[in-house]
>>> print(open('data.cif').read())   # mmCIF, C-alpha atoms
data_work
loop_
_atom_site.label_atom_id
_atom_site.label_comp_id
_atom_site.auth_asym_id
_atom_site.auth_seq_id
_atom_site.Cartn_x
_atom_site.Cartn_y
_atom_site.Cartn_z
CA MET A 1 -35.83 -21.31 31.42
CA GLU A 2 -37.96 -18.64 29.78
CA ILE A 3 -36.01 -15.63 31.05
CA LEU A 4 -32.74 -17.05 29.72
CA ARG A 5 -34.36 -17.75 26.38
CA GLN A 6 -35.52 -14.11 26.33
CA LEU A 7 -32.02 -12.98 27.29
CA SER A 8 -30.55 -15.00 24.46
CA GLU A 9 -33.17 -13.55 22.13
CA SER A 10 -32.37 -9.98 23.23
CA LEU A 11 -28.79 -10.54 22.10
CA LYS A 12 -29.94 -11.76 18.72
CA LYS A 13 -31.99 -8.58 18.40
CA GLY A 14 -29.08 -6.43 19.57
CA GLU A 15 -31.13 -4.95 22.41
CA ALA A 16 -28.55 -3.84 24.97
CA GLU A 17 -30.93 -2.27 27.50
CA ARG A 18 -33.25 -5.27 27.35
CA ALA A 19 -30.30 -7.63 27.82
CA ALA A 20 -29.23 -5.69 30.92
CA GLU A 21 -32.79 -5.74 32.31
CA LEU A 22 -33.15 -9.48 31.76
CA THR A 23 -29.73 -10.23 33.24
CA ARG A 24 -30.64 -8.17 36.32
CA ALA A 25 -33.98 -9.98 36.57
CA ALA A 26 -32.29 -13.38 36.24
CA ILE A 27 -29.77 -12.49 38.97
CA ASP A 28 -32.50 -11.13 41.25
CA GLY A 29 -34.55 -14.24 40.54
CA GLY A 30 -31.80 -16.38 42.01
CA LEU A 31 -30.59 -18.07 38.84
CA SER A 32 -27.01 -19.21 38.99
CA PRO A 33 -24.46 -16.96 37.28
CA ARG A 34 -23.22 -19.99 35.36
CA ALA A 35 -26.68 -20.66 33.93
CA ILE A 36 -27.18 -17.01 33.02
CA LEU A 37 -23.81 -16.99 31.29
CA ASP A 38 -24.15 -20.31 29.46
CA GLU A 39 -27.85 -20.43 28.65
CA GLY A 40 -28.40 -16.70 28.20
CA LEU A 41 -25.37 -14.75 27.04
CA ILE A 42 -23.19 -17.41 25.45
CA ALA A 43 -26.21 -19.16 23.94
CA GLY A 44 -27.28 -15.87 22.38
CA MET A 45 -23.87 -15.07 20.94
CA THR A 46 -23.47 -18.63 19.67
CA ALA A 47 -26.78 -18.37 17.83
CA VAL A 48 -25.73 -15.01 16.39
CA GLY A 49 -22.43 -16.52 15.28
CA GLU A 50 -24.19 -19.38 13.54
CA GLU A 51 -26.50 -16.99 11.70
CA PHE A 52 -23.51 -14.92 10.66
CA LYS A 53 -21.69 -17.98 9.34
CA ALA A 54 -24.82 -18.92 7.38
CA HIS A 55 -24.88 -15.38 5.90
CA GLU A 56 -28.32 -14.80 7.39
CA ILE A 57 -27.11 -11.68 9.22
CA PHE A 58 -24.25 -9.24 8.71
CA LEU A 59 -21.38 -7.87 10.77
CA PRO A 60 -23.34 -4.89 12.19
CA ASP A 61 -25.91 -7.33 13.62
CA VAL A 62 -23.13 -9.33 15.27
CA LEU A 63 -21.60 -6.19 16.76
CA LEU A 64 -24.93 -4.98 18.10
CA ALA A 65 -25.40 -8.41 19.69
CA ALA A 66 -21.93 -8.10 21.21
CA ARG A 67 -22.83 -4.78 22.77
CA ALA A 68 -25.95 -6.35 24.27
CA MET A 69 -23.84 -9.23 25.54
CA TYR A 70 -21.53 -6.78 27.31
CA ALA A 71 -24.50 -5.00 28.85
CA GLY A 72 -25.42 -8.28 30.51
CA MET A 73 -21.86 -9.30 31.22
CA ASP A 74 -21.11 -6.06 33.08
CA LEU A 75 -23.72 -7.11 35.64
CA LEU A 76 -22.76 -10.75 35.70
CA LYS A 77 -18.98 -10.51 35.83
CA PRO A 78 -18.66 -9.60 39.52
CA LEU A 79 -20.74 -12.67 40.38
CA LEU A 80 -18.72 -14.95 38.11
CA ILE A 81 -15.52 -13.74 39.79
CA LYS A 82 -17.02 -14.04 43.27
CA GLU A 83 -18.09 -17.63 42.65
CA GLY A 84 -14.81 -18.50 40.95
CA ILE A 85 -16.52 -19.70 37.80
CA PRO A 86 -13.84 -20.48 35.25
CA THR A 87 -13.92 -19.14 31.73
CA MET A 88 -13.82 -21.37 28.67
CA GLY A 89 -10.14 -20.57 28.35
CA LYS A 90 -7.80 -17.67 27.92
CA ALA A 91 -6.47 -15.99 24.79
CA VAL A 92 -3.77 -13.35 24.47
CA LEU A 93 -4.43 -11.15 21.45
CA GLY A 94 -2.57 -8.36 19.74
CA THR A 95 -1.72 -6.64 16.50
CA VAL A 96 1.93 -7.32 15.73
CA GLN A 97 4.79 -4.86 16.10
CA GLY A 98 4.79 -2.06 13.56
CA ASP A 99 1.12 -2.49 12.71
CA LEU A 100 -1.54 -0.12 14.00
CA HIS A 101 -4.61 -1.75 12.42
CA ASP A 102 -6.68 -3.24 15.18
CA ILE A 103 -10.26 -3.53 13.97
CA GLY A 104 -9.88 -7.20 13.02
CA LYS A 105 -8.15 -8.05 16.27
CA ASN A 106 -10.86 -6.23 18.21
CA LEU A 107 -13.57 -8.22 16.45
CA VAL A 108 -11.84 -11.48 17.33
CA GLY A 109 -11.65 -10.36 20.97
CA ILE A 110 -15.32 -9.44 21.02
CA MET A 111 -16.38 -12.77 19.57
CA LEU A 112 -14.09 -14.77 21.85
CA LYS A 113 -15.52 -13.01 24.91
CA GLY A 114 -18.97 -13.68 23.55
CA ALA A 115 -18.08 -17.35 23.41
CA GLY A 116 -17.07 -17.32 27.06
CA PHE A 117 -13.30 -16.92 26.79
CA GLU A 118 -11.16 -14.54 28.76
CA VAL A 119 -9.25 -12.22 26.46
CA ILE A 120 -6.04 -10.42 27.31
CA ASP A 121 -5.84 -7.70 24.67
CA LEU A 122 -2.28 -6.42 24.30
CA GLY A 123 -3.40 -3.77 21.84
CA LYS A 124 -1.49 -2.85 18.71
CA ASP A 125 2.20 -2.55 17.81
CA VAL A 126 2.98 -5.47 20.13
CA ALA A 127 6.58 -6.70 20.25
CA PRO A 128 7.16 -10.46 19.84
CA ALA A 129 8.49 -10.83 23.39
CA MET A 130 5.35 -9.20 24.79
CA PHE A 131 3.14 -11.90 23.28
CA ILE A 132 5.33 -14.56 24.84
CA GLU A 133 5.60 -12.93 28.25
CA ALA A 134 1.86 -12.25 28.44
CA ALA A 135 0.95 -15.78 27.36
CA LEU A 136 3.21 -17.31 30.01
CA ARG A 137 2.19 -14.86 32.74
CA GLU A 138 -1.51 -15.32 32.04
CA LYS A 139 -1.24 -19.07 31.45
CA ALA A 140 -3.02 -18.55 28.17
CA ASP A 141 -4.32 -21.34 25.98
CA VAL A 142 -3.94 -19.39 22.77
CA ILE A 143 -1.93 -16.52 21.30
CA GLY A 144 -3.76 -14.66 18.55
CA MET A 145 -1.89 -12.30 16.25
CA SER A 146 -3.22 -9.92 13.66
CA ALA A 147 -1.39 -8.09 10.86
CA LEU A 148 -2.68 -6.03 7.98
CA LEU A 149 0.59 -5.36 6.24
CA THR A 150 2.84 -7.68 4.29
CA THR A 151 5.80 -6.05 6.03
CA THR A 152 4.52 -6.70 9.53
CA MET A 153 3.21 -10.23 9.07
CA SER A 154 6.82 -11.46 9.28
CA VAL A 155 6.72 -10.54 12.99
CA MET A 156 4.36 -13.47 13.46
CA LYS A 157 7.16 -15.86 12.58
CA GLN A 158 9.34 -14.29 15.25
CA VAL A 159 6.67 -15.04 17.84
CA VAL A 160 6.46 -18.65 16.68
CA GLU A 161 10.24 -18.96 16.86
CA LEU A 162 10.26 -17.44 20.35
CA ALA A 163 7.59 -19.93 21.42
CA LYS A 164 9.85 -22.72 20.22
CA GLU A 165 12.83 -21.26 22.07
CA ARG A 166 10.85 -20.96 25.28
CA GLY A 167 9.62 -24.52 24.96
CA PHE A 168 5.85 -24.02 24.77
CA TYR A 169 5.36 -24.35 21.03
CA GLY A 170 2.43 -26.71 20.56
CA LYS A 171 1.28 -26.22 24.14
CA ILE A 172 0.06 -22.66 23.79
CA ARG A 173 -1.57 -22.66 20.38
CA ILE A 174 -0.93 -19.83 17.94
CA ILE A 175 -3.54 -18.43 15.59
CA VAL A 176 -2.97 -15.73 13.00
CA GLY A 177 -5.20 -13.53 10.88
CA GLY A 178 -5.26 -10.41 8.75
CA ALA A 179 -5.84 -9.34 5.18
CA PRO A 180 -2.49 -10.30 3.61
CA LEU A 181 -2.32 -13.72 5.27
CA THR A 182 -3.10 -17.10 3.81
CA ASP A 183 -3.44 -20.61 5.13
CA ALA A 184 -0.19 -21.50 3.37
CA TYR A 185 1.66 -18.65 5.08
CA ALA A 186 0.33 -19.71 8.48
CA ARG A 187 1.59 -23.25 7.86
CA GLU A 188 4.92 -21.97 6.57
CA ILE A 189 5.68 -20.00 9.74
CA GLY A 190 4.44 -22.80 11.99
CA ALA A 191 1.23 -21.21 13.30
CA ASP A 192 -1.49 -23.61 14.41
CA ALA A 193 -4.23 -21.97 12.39
CA TYR A 194 -5.05 -19.22 9.96
CA CYS A 195 -8.33 -17.54 10.82
CA TYR A 196 -9.88 -15.65 7.94
CA ASP A 197 -12.50 -14.03 10.16
CA ALA A 198 -13.55 -13.67 13.78
CA MET A 199 -15.97 -16.59 13.71
CA LYS A 200 -13.26 -18.87 12.36
CA ALA A 201 -11.03 -17.70 15.20
CA VAL A 202 -13.69 -18.65 17.75
CA ASP A 203 -14.08 -22.08 16.16
CA CYS A 204 -10.31 -22.61 16.19
CA VAL A 205 -9.90 -21.55 19.80
CA LYS A 206 -12.83 -23.74 20.87
CA GLY A 207 -11.22 -26.63 19.03
CA PHE A 208 -7.83 -26.10 20.65
CA VAL A 209 -9.23 -25.69 24.15
CA GLY A 210 -11.43 -28.73 23.57
CA GLY A 211 -8.32 -30.70 22.72
CA GLN A 212 -8.77 -30.92 18.95
CA MET B 213 1.68 22.10 -9.59
CA MET B 214 5.27 21.59 -8.46
CA ARG B 215 4.37 21.17 -4.82
CA GLU B 216 0.93 21.98 -3.50
CA THR B 217 -1.17 21.47 -0.42
CA ILE B 218 -4.80 20.75 -1.18
CA HIS B 219 -7.63 21.33 1.26
CA VAL B 220 -10.26 18.89 0.10
CA PRO B 221 -13.84 20.02 0.87
CA VAL B 222 -15.43 17.63 3.35
CA ASP B 223 -18.43 17.15 1.07
CA ARG B 224 -16.16 15.56 -1.52
CA VAL B 225 -15.15 12.73 0.82
CA ILE B 226 -18.52 11.76 2.26
CA PRO B 227 -19.28 8.15 1.38
CA ASP B 228 -22.77 6.93 0.60
CA VAL B 229 -24.59 4.39 2.73
CA GLY B 230 -24.10 1.64 0.16
CA ALA B 231 -20.33 2.01 0.15
CA VAL B 232 -20.17 1.89 3.96
CA LEU B 233 -22.35 -1.20 4.10
CA THR B 234 -20.27 -2.89 1.42
CA GLY B 235 -17.22 -2.20 3.56
CA GLN B 236 -18.98 -3.99 6.39
CA GLY B 237 -19.30 -7.10 4.28
CA VAL B 238 -22.91 -6.52 3.28
CA PRO B 239 -23.24 -7.62 -0.34
CA PRO B 240 -24.68 -4.98 -2.69
CA ASN B 241 -28.46 -5.12 -3.08
CA SER B 242 -28.87 -7.16 0.10
CA ALA B 243 -31.98 -6.65 2.19
CA VAL B 244 -30.71 -4.56 5.10
CA ASP B 245 -32.94 -3.59 8.00
CA GLU B 246 -33.62 0.01 8.86
CA ARG B 247 -31.53 -0.15 12.04
CA THR B 248 -28.39 -1.14 10.13
CA ARG B 249 -29.05 1.52 7.52
CA GLN B 250 -29.41 4.11 10.32
CA LEU B 251 -26.11 2.96 11.85
CA ALA B 252 -24.40 3.54 8.53
CA GLN B 253 -25.98 6.97 8.18
CA GLN B 254 -24.97 7.90 11.74
CA ALA B 255 -21.39 6.86 10.96
CA ILE B 256 -21.42 9.01 7.84
CA ASP B 257 -22.75 11.98 9.84
CA ARG B 258 -20.04 11.45 12.48
CA PHE B 259 -17.43 11.23 9.78
CA ARG B 260 -18.68 14.49 8.26
CA ASP B 261 -18.25 16.21 11.65
CA LEU B 262 -14.78 14.84 12.32
CA ALA B 263 -13.04 14.59 8.96
CA SER B 264 -10.47 17.20 8.00
CA PRO B 265 -9.36 15.95 4.58
CA GLN B 266 -6.29 17.39 2.97
CA GLY B 267 -3.62 16.31 0.61
CA ILE B 268 -0.24 17.24 -0.76
CA ILE B 269 1.12 16.66 -4.24
CA LEU B 270 4.50 17.09 -5.85
CA SER B 271 5.24 16.66 -9.53
CA LEU B 272 8.57 15.09 -10.41
CA GLY B 273 10.53 13.72 -13.30
CA GLU B 274 11.03 10.12 -14.32
CA ALA B 275 14.61 9.91 -13.01
CA GLU B 276 13.59 11.27 -9.62
CA PHE B 277 10.69 8.91 -9.43
CA ALA B 278 12.91 5.98 -10.40
CA ARG B 279 14.87 6.48 -7.17
CA ILE B 280 11.69 6.63 -5.12
CA TYR B 281 10.23 3.62 -6.87
CA ASP B 282 13.37 1.58 -6.15
CA GLY B 283 12.95 2.41 -2.48
CA ALA B 284 14.95 0.03 -0.34
CA GLY B 285 15.52 -2.30 -3.28
CA MET B 286 12.81 -4.73 -2.24
CA ASN B 287 10.38 -4.48 -5.16
CA GLU B 288 9.36 -7.52 -7.17
CA ALA B 289 11.55 -8.05 -10.22
CA ASP B 290 8.80 -7.05 -12.62
CA THR B 291 5.77 -4.91 -11.74
CA PRO B 292 3.04 -3.08 -13.65
CA LEU B 293 4.28 0.27 -12.34
CA ALA B 294 7.87 -0.42 -13.45
CA ARG B 295 6.56 -0.94 -16.98
CA ILE B 296 4.15 2.00 -16.91
CA TYR B 297 5.94 4.96 -15.37
CA PRO B 298 8.74 5.25 -17.99
CA GLU B 299 5.98 5.65 -20.60
CA SER B 300 4.12 8.36 -18.67
CA ASP B 301 3.64 12.04 -19.52
CA CYS B 302 3.41 13.22 -15.93
CA LEU B 303 4.17 11.82 -12.49
CA ALA B 304 3.03 13.27 -9.16
CA LEU B 305 3.64 11.98 -5.67
CA PHE B 306 0.70 12.40 -3.35
CA ALA B 307 -0.45 11.83 0.20
CA VAL B 308 -3.93 12.39 1.58
CA THR B 309 -5.51 12.02 4.98
CA VAL B 310 -8.92 12.46 6.56
CA GLY B 311 -7.24 13.41 9.84
CA GLU B 312 -6.65 11.94 13.26
CA ASP B 313 -9.94 12.91 14.92
CA VAL B 314 -11.80 10.14 13.11
CA SER B 315 -9.34 7.50 14.32
CA ARG B 316 -9.64 8.79 17.88
CA GLU B 317 -13.42 8.50 17.72
CA ILE B 318 -13.22 4.94 16.37
CA THR B 319 -11.01 3.99 19.32
CA ARG B 320 -13.38 5.70 21.74
CA LEU B 321 -16.43 3.89 20.37
CA PHE B 322 -14.73 0.51 20.66
CA SER B 323 -13.55 1.26 24.19
CA CYS B 324 -17.14 1.89 25.31
CA HIS B 325 -18.38 -1.31 23.65
CA ASP B 326 -20.14 0.52 20.84
CA TYR B 327 -18.61 -1.86 18.33
CA ALA B 328 -21.18 -1.52 15.58
CA ALA B 329 -20.82 2.26 15.52
CA GLY B 330 -17.02 2.00 15.72
CA ALA B 331 -16.73 -0.51 12.88
CA MET B 332 -19.18 1.47 10.77
CA LEU B 333 -17.19 4.69 11.30
CA ASP B 334 -13.99 2.82 10.46
CA CYS B 335 -15.53 1.83 7.13
CA ALA B 336 -16.81 5.33 6.46
CA ALA B 337 -13.31 6.71 7.13
CA SER B 338 -11.67 4.16 4.83
CA VAL B 339 -14.02 5.01 2.00
CA GLY B 340 -13.57 8.72 2.80
CA ALA B 341 -9.79 8.40 2.49
CA GLU B 342 -10.23 6.77 -0.93
CA LEU B 343 -12.50 9.64 -1.97
CA ALA B 344 -9.89 12.13 -0.77
CA ALA B 345 -7.31 10.39 -2.96
CA GLU B 346 -9.73 10.61 -5.88
CA ALA B 347 -10.17 14.33 -5.23
CA VAL B 348 -6.42 14.85 -5.39
CA GLU B 349 -6.27 12.84 -8.58
CA ARG B 350 -8.98 15.05 -10.06
CA HIS B 351 -6.90 18.06 -9.04
CA VAL B 352 -3.96 16.70 -11.04
CA ARG B 353 -6.20 16.01 -14.03
CA ASP B 354 -7.60 19.57 -13.88
CA HIS B 355 -4.07 20.95 -13.73
CA LEU B 356 -3.13 18.95 -16.83
CA ILE B 357 -6.23 20.21 -18.61
CA HIS B 358 -5.46 23.83 -17.72
CA THR B 359 -1.88 23.49 -18.92
CA ASP B 360 -2.91 21.83 -22.18
CA ARG B 361 -1.26 18.55 -21.26
CA PHE B 362 -4.44 16.51 -21.21
CA SER B 363 -5.68 14.97 -24.45
CA PRO B 364 -8.77 12.83 -25.01
CA ASP B 365 -6.40 9.86 -24.94
CA THR B 366 -4.92 10.69 -21.53
CA GLY B 367 -5.62 8.44 -18.58
CA LEU B 368 -4.64 8.70 -14.93
CA LEU B 369 -3.96 5.88 -12.52
CA SER B 370 -2.50 5.93 -9.03
CA PHE B 371 -0.30 3.32 -7.38
CA SER B 372 0.62 2.96 -3.73
CA PRO B 373 3.63 1.30 -2.08
CA GLY B 374 2.58 -2.05 -0.69
CA TYR B 375 0.50 -3.02 -3.71
CA CYS B 376 1.11 -4.69 -7.07
CA GLY B 377 4.74 -5.61 -6.39
CA TRP B 378 5.82 -2.12 -5.27
CA HIS B 379 7.28 -2.81 -1.88
CA VAL B 380 5.93 -0.80 1.02
CA SER B 381 9.47 0.13 2.09
CA ALA B 382 9.46 2.63 -0.79
CA GLN B 383 7.31 4.76 1.50
CA ARG B 384 10.46 6.02 3.18
CA LYS B 385 11.88 7.66 0.07
CA LEU B 386 8.43 8.83 -0.97
CA PHE B 387 8.08 10.58 2.39
CA ASP B 388 11.61 12.02 2.24
CA PHE B 389 10.77 13.57 -1.10
CA LEU B 390 7.15 14.62 -0.55
CA ARG B 391 7.37 15.58 3.15
CA PRO B 392 3.68 15.06 3.99
CA GLU B 393 4.49 15.74 7.65
CA GLU B 394 3.52 19.26 6.66
CA ILE B 395 -0.12 18.13 6.60
CA GLY B 396 0.25 15.90 9.64
CA ILE B 397 1.02 12.55 8.03
CA THR B 398 3.95 10.67 9.55
CA LEU B 399 5.54 7.31 8.88
CA ASN B 400 6.50 4.72 11.46
CA GLU B 401 9.36 2.23 11.31
CA SER B 402 7.23 -0.33 9.51
CA HIS B 403 6.21 2.25 6.90
CA LEU B 404 2.73 2.69 8.28
CA MET B 405 1.13 6.10 8.15
CA THR B 406 -0.45 8.05 10.97
CA PRO B 407 -3.26 9.10 10.82
CA LEU B 408 -4.21 5.57 9.91
CA LYS B 409 -6.77 6.73 7.36
CA SER B 410 -4.20 8.14 4.96
CA ILE B 411 -3.14 7.12 1.47
CA SER B 412 0.10 7.84 -0.36
CA GLY B 413 1.53 6.95 -3.72
CA VAL B 414 2.13 8.21 -7.22
CA ILE B 415 -0.36 9.47 -9.78
CA VAL B 416 0.67 8.49 -13.28
CA ALA B 417 -0.74 10.32 -16.30
CA GLY B 418 -0.18 9.16 -19.83
CA PRO B 419 -1.69 7.58 -22.93
CA ARG B 420 -4.38 5.16 -21.87
CA GLU B 421 -2.82 2.13 -23.54
CA ILE B 422 0.21 2.21 -21.22
CA PHE B 423 -2.06 1.26 -18.31
CA GLN B 424 -3.14 -2.05 -19.77
CA PHE B 425 -1.62 -5.07 -18.01
CA GLU B 426 -2.64 -8.63 -17.19
CA ASP B 427 -3.04 -9.76 -13.61
CA ASN B 428 -0.65 -12.68 -14.04
CA PHE B 429 2.45 -11.42 -12.25
CA PRO B 430 3.83 -13.91 -9.69
CA PHE B 431 2.57 -11.71 -6.84
CA CYS B 432 -0.98 -11.65 -8.25
CA SER B 433 -1.91 -15.17 -7.20
CA PRO B 434 -2.44 -14.50 -3.48
CA CYS B 435 -4.38 -11.31 -4.26
CA GLU B 436 -8.04 -11.85 -3.52
CA THR B 437 -9.50 -8.77 -5.18
CA HIS B 438 -7.71 -8.40 -8.52
CA SER B 439 -9.08 -4.88 -8.33
CA CYS B 440 -6.36 -3.77 -10.77
CA GLN B 441 -8.58 -4.94 -13.58
CA ASP B 442 -11.37 -2.62 -12.41
CA ARG B 443 -8.83 0.17 -12.17
CA ILE B 444 -7.66 -0.40 -15.71
CA ARG B 445 -11.26 -0.49 -16.95
CA SER B 446 -11.90 2.78 -15.11
CA VAL B 447 -9.05 4.43 -17.02
CA PHE B 448 -10.55 3.37 -20.30
CA SER B 449 -14.05 4.41 -19.26
CA GLY B 450 -12.69 7.82 -18.27
CA ARG B 451 -13.29 7.38 -14.57
CA GLU B 452 -9.90 7.24 -12.92
CA SER B 453 -8.61 6.52 -9.50
CA ILE B 454 -10.19 3.40 -8.15
CA ARG B 455 -7.57 2.08 -5.83
#
>>> encode(input="data.cif", output="structure tokens")
Amino acid sequence: MEILRQLSESLKKGEAERAAELTRAAIDGGLSPRAILDEGLIAGMTAVGEEFKAHEIFLPDVLLAARAMYAGMDLLKPLLIKEGIPTMGKAVLGTVQGDLHDIGKNLVGIMLKGAGFEVIDLGKDVAPAMFIEAALREKADVIGMSALLTTTMSVMKQVVELAKERGFYGKIRIIVGGAPLTDAYAREIGADAYCYDAMKAVDCVKGFVGGQ
Amino acid sequence: MMRETIHVPVDRVIPDVGAVLTGQGVPPNSAVDERTRQLAQQAIDRFRDLASPQGIILSLGEAEFARIYDGAGMNEADTPLARIYPESDCLALFAVTVGEDVSREITRLFSCHDYAAGAMLDCAASVGAELAAEAVERHVRDHLIHTDRFSPDTGLLSFSPGYCGWHVSAQRKLFDFLRPEEIGITLNESHLMTPLKSISGVIVAGPREIFQFEDNFPFCSPCETHSCQDRIRSVFSGRESIR
């Protein structure tokens, strides 16, 4: 569908107004919200993500694309809700207790939404119990935690331990990220994955929701 | 210089476009389109409007600093700073900030989906905070020069809790001693500063050779940057204060 190809292209170019116009035109033209979402917005963000992973574009390009995606999504969301179209899955995100750095966590949220996931953003300085309660309440597929300090990354282990206590460890998957973290640390505390950047987080969440 | 508040001129903390783009993960000398370059410039202009950089310094003796360095007793057994500071000629605690307005604007930009502008401003503010720390370090160097305590062989290097084996919990004692709350910097329970774009630590001045160390401490292996080696080189090239 040409208009959806153009919509996808507008995201790649980071053209927010154009993305909104094309989304409006697609809606008015009677295209299904699902098609607009999948073949326009998600297709555009997926292409942007691939270019980013291939180092063909840089973070500012991705973030401009994300803004364009939201311009379209703002128009589409009421229709998606009205028609009960499910998201790709649900992730609860937050920066761990004691840590106020949230840029990395925000980027993960943006990219997950761009990939079609619902994101419950708990913000920063999030207590371990809040991750658990939110994940259970929201029936989340994934808990994502971010930390930028060596002193706060230990909170991640508390969340993993709480997940074990509450009996959903392994059912709700746990991903972690942040500057001081390593793959080895993620394994040590029992997290399901260490995500070194937002694109890796999207790949991990897709894999978990897809049953990998 | 016993204890001094320093109002850093905004012009001294304005990053260049290249530094902001590097902070965004754009490799140096990459072909960047005009739109991205403009975004970086807009972030720098915003930062110029919002930044209110200031710092506070306090000179102290080796024994006093030893207590601060020990902090909550959680440092690595052996660290570069533990070897260096007893050999120093001058020690000064410092804290600098570019203010809270910048952080508020970053949050606002993200909340209205202007992610590219928000992330760019975040980078500009991080670089700006580093430049503010450099300005304070220059102030200490100038003071040493004016008091005839700076020789051609003198180097300066700053260290911050949370890096190079100096545990971040030492922030508590550093804050108790320096009291940077006076310039609006506070510490939370996990030793994190507010405003977020703030830097604290100790400036060490002494003979250049005391700053030479290898990056083979046990805690060096997970470090991805090994920027300490650049810092040491900067001391020997006469350009101090790369964090």
>>> atom_distance(input="data.cif", atom1="CA of Gly367 in chain B", atom2="CA of Phe448 in chain B")
7.3 Å
>>> atom_distance(input="data.cif", atom1="CA of Arg350 in chain B", atom2="CA of Thr437 in chain B")
24.3 Å
>>> resolve_selection(input="data.cif", expression="the PyMOL selection byres ((chain A) within 9 of (chain B))", output="list in words")
Ile57, Phe58, Leu59, Pro60, Asp61, Val62, Leu63, Leu64, Ala66, Arg67, Tyr70, Ala71, Gln97, Gly98, Asp99, Leu100, His101, Ile103, Asn106, Leu107, Ile110, Leu149, Thr150, Thr151, Thr152, Pro180, Leu181 and Thr182 of chain A
>>> residues_around(input="data.cif", residues="range 156-158 of chain A", least_positions_apart="5", cutoff="12 Å", atoms="only C-alpha atoms", output="number ranges by chain")
A: 94-99, 125-132, 143-151, 163-165, 174-178, 181, 185-192, 194
>>> resolve_selection(input="data.cif", expression="the PyMOL selection byres ((chain B and resi 431) around 10)", output="ChimeraX atom specification")
/B:288,290-291,375-377,427-430,432-435
>>> residues_near_point(input="data.cif", point="(0.0, 6.3, 1.3)", cutoff="8 Å", atoms="all atoms listed in the file", output="NGL selection string")
:B and (306-308 or 372-373 or 383 or 405 or 410-413)
>>> write_last_selection(input="data.cif", atoms="C-alpha atoms", output="PDB file, in the frame of the given file")
ATOM      1  CA  PHE B 306       0.700  12.400  -3.350  1.00  0.00           C
ATOM      2  CA  ALA B 307      -0.450  11.830   0.200  1.00  0.00           C
ATOM      3  CA  VAL B 308      -3.930  12.390   1.580  1.00  0.00           C
ATOM      4  CA  SER B 372       0.620   2.960  -3.730  1.00  0.00           C
ATOM      5  CA  PRO B 373       3.630   1.300  -2.080  1.00  0.00           C
ATOM      6  CA  GLN B 383       7.310   4.760   1.500  1.00  0.00           C
ATOM      7  CA  MET B 405       1.130   6.100   8.150  1.00  0.00           C
ATOM      8  CA  SER B 410      -4.200   8.140   4.960  1.00  0.00           C
ATOM      9  CA  ILE B 411      -3.140   7.120   1.470  1.00  0.00           C
ATOM     10  CA  SER B 412       0.100   7.840  -0.360  1.00  0.00           C
ATOM     11  CA  GLY B 413       1.530   6.950  -3.720  1.00  0.00           C
TER      12      GLY B 413
END
>>> atom_distance(input="data.cif", atom1="CA of Phe52 in chain A", atom2="CA of Arg316 in chain B")
28.4 Å
>>> residues_near_point(input="data.cif", point="(-7.9, -18.9, 26.1)", cutoff="9 Å", atoms="all atoms listed in the file", output="MDAnalysis selection string")
chainID A and resid 87:92 112 117:120 139:143 205:206 209
>>> write_last_selection(input="data.cif", atoms="C-alpha atoms", output="PDB file, keeping the file's coordinate frame")
ATOM      1  CA  THR A  87     -13.920 -19.140  31.730  1.00  0.00           C
ATOM      2  CA  MET A  88     -13.820 -21.370  28.670  1.00  0.00           C
ATOM      3  CA  GLY A  89     -10.140 -20.570  28.350  1.00  0.00           C
ATOM      4  CA  LYS A  90      -7.800 -17.670  27.920  1.00  0.00           C
ATOM      5  CA  ALA A  91      -6.470 -15.990  24.790  1.00  0.00           C
ATOM      6  CA  VAL A  92      -3.770 -13.350  24.470  1.00  0.00           C
ATOM      7  CA  LEU A 112     -14.090 -14.770  21.850  1.00  0.00           C
ATOM      8  CA  PHE A 117     -13.300 -16.920  26.790  1.00  0.00           C
ATOM      9  CA  GLU A 118     -11.160 -14.540  28.760  1.00  0.00           C
ATOM     10  CA  VAL A 119      -9.250 -12.220  26.460  1.00  0.00           C
ATOM     11  CA  ILE A 120      -6.040 -10.420  27.310  1.00  0.00           C
ATOM     12  CA  LYS A 139      -1.240 -19.070  31.450  1.00  0.00           C
ATOM     13  CA  ALA A 140      -3.020 -18.550  28.170  1.00  0.00           C
ATOM     14  CA  ASP A 141      -4.320 -21.340  25.980  1.00  0.00           C
ATOM     15  CA  VAL A 142      -3.940 -19.390  22.770  1.00  0.00           C
ATOM     16  CA  ILE A 143      -1.930 -16.520  21.300  1.00  0.00           C
ATOM     17  CA  VAL A 205      -9.900 -21.550  19.800  1.00  0.00           C
ATOM     18  CA  LYS A 206     -12.830 -23.740  20.870  1.00  0.00           C
ATOM     19  CA  VAL A 209      -9.230 -25.690  24.150  1.00  0.00           C
TER      20      VAL A 209
END
>>> residues_around(input="data.cif", residues="Ile269 in chain B", least_positions_apart="2", cutoff="8 Å", atoms="all atoms listed in the file", output="list in words")
Met213, Met214, Arg215, Glu216, Thr217, Ile218, Gly267, Ser271, Ala304, Leu305, Phe306, Ala307, Val348 and Leu390 of chain B
>>> residues_around(input="data.cif", residues="Glu276 in chain B", least_positions_apart="6", cutoff="12 Å", atoms="all atoms listed in the file", output="list in words")
Leu270, Asp282, Gly283, Tyr297, Pro298, Leu303, Ala304, Leu305, Lys385, Leu386, Phe389 and Leu390 of chain B
>>> closest_residue(input="data.cif", among="A:Gly116, A:Pro33, A:Gly104, A:Gly109", to="Pro78 in chain A", atoms="only C-alpha atoms")
A:Pro33
